[in-house]
Amino acid sequence: MITGDRIFGLVVILVALAYVASATQIQVSFLADPVGSKTFPYIIGTIGAICGLYMVIRPDPDPEWPDLPTLGRLGFALLALVAYAYMLKPLGFLIPTAIVAAILSYQISPRPLPAILSGLGLSAGLYVVFKFLLGLSLTGLPKVIMG
Amino acid sequence: MDLISNLALGFSIALSPWTLMLAVIGAFVGTIIGALPGLGPSNGVAILIPLAFTMGLDATSALVLLTSVYYGAMYGGRISSILLNIPGDEPALMTTLDGYPMAKQGRAGDALVISGVASFVGAFIATIGLAIMAPMLARVAYLFGPAEYFALYLLAFCTLGGIASKNQAKAALASCIGLGIAMIGLDNTSGMPRFTYGNLHLMDGVDFLVAIVGLFAIAEVFFFIESHGKESAIGVKLEKITIPVKDIVGSTGAMLRSTVIGFFAGVLPGAGASLGSFMAYVAQKAADPDKASYGKGNPKGVAAPEAGNNAAAGGALVPMLTLGVPGSGTTAVLLALLMTLNITPGPTLFTDRPEVVWGLIASLLIANIVLLVMNVPMVKIFVKVLTVPAWVLLPGVTMVSFVGIYSLTGSYFDLVLMIAFGALGYVLRKLDIPTVPVILGILLGNHMEDSLRRAMVISDGDWTFLFSSPISIGLWIAAIAGFVAPIFLRGILKKPEIRDADELVD
């Protein structure tokens, strides 16, 4: 049986090896100390690889993985969050927050009306709290509209 | 009397109206955060750090505000344990064992009052213990050289990892992930970039706040999306609250015993509040002749873990303040706060910044009294909080996280990094790999490496120097024991699962 632990263990081994490999490329400065810049990363990479190997050899029972539709919802939420990160500055706080909060709300509980309402409510409510109560400098609306 | 004059200094800072107000706000917000299912103290403190920072609070104020949140969350955790059988955080798990049966018998109000009083006893005595013990430990800490610090950091990883996970390899892996991430950025000693791959954003290293908020708060959102918010509260009922004097008097012994156990469990680096509440409950059950009544709504079974849990929260501050080594996930987050405020915890903190330490201790004492008042007569307000549905709460938490990190760093790169940490946190928790050692690794990685390198400079490259003093040998032995012992003890000290509500007899 292939289990999550085995796959993750393999990924860990590969990452650890890449980590050690790129540690060999660290430039050494003329200010040398007995340990140097490379030793500690080597130790971490080695222990990490051993742990990964252990997970491959002796995996724990698999957790309950989400089914395909759930995985789709998770992926969509992830994309929405990344888009939000890039929209926050050009579009201001209010519009992206309302949209993304509504999307997340809908993903947790798929009912359109409450989701839209919580998106709008959170966007307006948090804006008031951040801007006026906590005094953070937030841009509310897109710069184009604000002039 | 040093202690009295120190406390007088502390109270002179803590009793200013401004600080007092922060303590009250922190306690209130903290209790709400603790009460919300799925939003524990680590989460709550983590998302509030960037906000406190951007509000421009000075060091003492920020510390008072967020440690009040921390204490408040420890109080609040019991509310959802008792009423919903859902622990708000891991240490509150033990409270469900007798708290929920009590609630099913219609004694929810009694259970809330008893646990509130127990929380107060535990936290208040532990704060006094902190005031006495921290300066003592600070004096010992002066004996620590780089080799001892290296061993101490190792001890923290070993005990935390050993307890946090069922699988030692996974715990060690989590520490390695954190340490590996900490290496990114400019090397402190040589000034050379490591693992930056030419990316300017990575030159300063990965901001630990970005990692913490991602691993805790954003990962939580993914979990709620997966579970469709099943864990949200439905049908919370609470009748009129009276004070069950008889039960409180009857549990005095249980509270005091659990406080001592919890405090010392908290002081152990890496052990923390979960161990405190667990040991307090087990010890209470073992000491009571009427063992069969536990798990069926015994008030002492509510009092013991709550006192232990809150005492451990106070105890965990001892190693955090004196040695810079956190005793639990939340104190790791508080350490992140100190580092953000440019306060270096350690023995010198007590001599260089006494106003920070003693102001903090005094405001914790005040916060406790505030919390007792809030959590016994006003508990109904917090019970209302439980009815906030997950589909409003979690998007809200996400947005607060984004704004916090964005206003702190102002870069897209950090926001995307935070989301990546959220995804990583989801996968790690799915695979039962603990996330707290990852945080600890990111926080302590550079310190750990520095102490190793300084030790080697002193000894001129002789590695046996690491084991050359009695203190470091002791720490190494404790570290190995802390990592290995849970493998053998796991069979004996099996953690009870939360039982299904239906299985419980009314």
# chains A, B, ... in the order shown; residues from 1 in each chain; ligands from 1
call {"tool": "closest_atom_pairs", "arguments": {"of": "chain A", "to": "chain B", "cutoff": "7 Å", "atoms": "only C-alpha atoms", "output": "Markdown table"}}
result
| residue | atom | partner | partner_atom | distance |
| --- | --- | --- | --- | --- |
| A:Asp5 | CA | B:Leu431 | CA | 6.7 |
| A:Ile26 | CA | B:Arg194 | CA | 6.0 |
| A:Gln27 | CA | B:Met192 | CA | 6.6 |
| A:Ser29 | CA | B:Ser190 | CA | 5.9 |
| A:Leu31 | CA | B:Ser190 | CA | 6.1 |
| A:Asp33 | CA | B:Val457 | CA | 6.4 |
| A:Pro34 | CA | B:Gly461 | CA | 5.2 |
| A:Val35 | CA | B:Arg453 | CA | 5.7 |
| A:Ser37 | CA | B:Asp187 | CA | 6.9 |
| A:Phe40 | CA | B:Glu449 | CA | 6.6 |
| A:Pro41 | CA | B:Gly180 | CA | 6.7 |
| A:Ile44 | CA | B:Cys176 | CA | 5.6 |
| A:Gly48 | CA | B:Leu173 | CA | 5.4 |
| A:Cys51 | CA | B:Ala169 | CA | 5.1 |
| A:Tyr54 | CA | B:Ala169 | CA | 6.7 |
| A:Pro63 | CA | B:Lys430 | CA | 6.5 |
| A:Pro66 | CA | B:Glu226 | CA | 6.8 |
| A:Thr70 | CA | B:Glu226 | CA | 6.1 |
| A:Leu74 | CA | B:Phe222 | CA | 6.4 |
| A:Val82 | CA | B:Val416 | CA | 6.1 |
| A:Ala85 | CA | B:Leu415 | CA | 5.8 |
| A:Tyr86 | CA | B:Tyr412 | CA | 6.3 |
| A:Ala101 | CA | B:Pro395 | CA | 5.1 |
| A:Leu104 | CA | B:Pro395 | CA | 5.8 |
| A:Ser105 | CA | B:Trp391 | CA | 4.6 |
| A:Gln107 | CA | B:Ile225 | CA | 5.8 |
| A:Ile108 | CA | B:Ile225 | CA | 4.5 |
| A:Ser109 | CA | B:His228 | CA | 5.8 |
| A:Ser118 | CA | B:Val392 | CA | 5.8 |
| A:Leu122 | CA | B:Gly396 | CA | 6.3 |
| A:Leu134 | CA | B:Met55 | CA | 6.3 |
| A:Gly135 | CA | B:Met55 | CA | 6.9 |
| A:Leu136 | CA | B:Met55 | CA | 6.9 |
call {"tool": "residues_around", "arguments": {"residues": "Trp358 in chain B", "least_positions_apart": "5", "cutoff": "10 Å", "atoms": "only C-alpha atoms", "output": "count of residues only"}}
result
17
call {"tool": "select_by_dssp", "arguments": {"residues": "range 228-338 of chain B", "states": "helix (DSSP H, G or I)", "output": "JSON, numbers by chain"}}
result
{"B": [245, 246, 247, 248, 249, 250, 252, 253, 254, 255, 256, 257, 258, 259, 260, 261, 262, 263, 264, 265, 266, 267, 272, 273, 274, 275, 276, 277, 278, 279, 280, 281, 282, 283, 284, 285, 286, 287, 291, 292, 293, 299, 300, 301, 302, 303, 304, 305, 306, 307, 308, 309, 310, 311, 312, 313, 314, 315, 317, 318, 319, 320, 321, 322, 323, 329, 330, 331, 332, 333, 334, 335, 336, 337, 338]}
call {"tool": "residues_around", "arguments": {"residues": "Leu94 in chain A", "least_positions_apart": "2", "cutoff": "8 Å", "atoms": "only C-alpha atoms", "output": "PDB file with N, CA and C atoms, in the first residue's frame"}}
result
ATOM      1  N   GLY A  92      -7.470  48.089  -3.118  1.00  0.00           N
ATOM      2  CA  GLY A  92      -7.921  48.557  -1.810  1.00  0.00           C
ATOM      3  C   GLY A  92      -8.473  47.414  -0.971  1.00  0.00           C
ATOM      4  N   PRO A  96     -11.830  43.483  -2.545  1.00  0.00           N
ATOM      5  CA  PRO A  96     -11.281  42.120  -2.492  1.00  0.00           C
ATOM      6  C   PRO A  96     -11.686  41.383  -1.223  1.00  0.00           C
ATOM      7  N   THR A  97     -11.735  42.080  -0.083  1.00  0.00           N
ATOM      8  CA  THR A  97     -12.074  41.399   1.162  1.00  0.00           C
ATOM      9  C   THR A  97     -13.488  40.843   1.107  1.00  0.00           C
ATOM     10  N   ALA A  98     -14.425  41.639   0.592  1.00  0.00           N
ATOM     11  CA  ALA A  98     -15.804  41.167   0.500  1.00  0.00           C
ATOM     12  C   ALA A  98     -15.877  39.923  -0.376  1.00  0.00           C
ATOM     13  N   SER A 123     -16.125  42.613   5.489  1.00  0.00           N
ATOM     14  CA  SER A 123     -15.352  43.643   4.808  1.00  0.00           C
ATOM     15  C   SER A 123     -15.593  45.010   5.442  1.00  0.00           C
ATOM     16  N   ALA A 124     -16.872  45.368   5.614  1.00  0.00           N
ATOM     17  CA  ALA A 124     -17.181  46.680   6.180  1.00  0.00           C
ATOM     18  C   ALA A 124     -16.770  46.745   7.649  1.00  0.00           C
ATOM     19  N   TYR A 127     -13.016  46.838   8.202  1.00  0.00           N
ATOM     20  CA  TYR A 127     -12.464  48.113   7.745  1.00  0.00           C
ATOM     21  C   TYR A 127     -12.639  49.181   8.821  1.00  0.00           C
ATOM     22  N   GLY A 140      -9.145  52.041   1.374  1.00  0.00           N
ATOM     23  CA  GLY A 140     -10.443  51.381   1.313  1.00  0.00           C
ATOM     24  C   GLY A 140     -10.828  50.960  -0.091  1.00  0.00           C
ATOM     25  N   LEU A 141     -10.720  51.887  -1.034  1.00  0.00           N
ATOM     26  CA  LEU A 141     -11.193  51.635  -2.390  1.00  0.00           C
ATOM     27  C   LEU A 141     -10.028  51.752  -3.368  1.00  0.00           C
TER      28      LEU A 141
END
call {"tool": "atom_distance", "arguments": {"atom1": "CA of Ala59 in chain B", "atom2": "CA of Ile212 in chain B"}}
result
20.1 Å
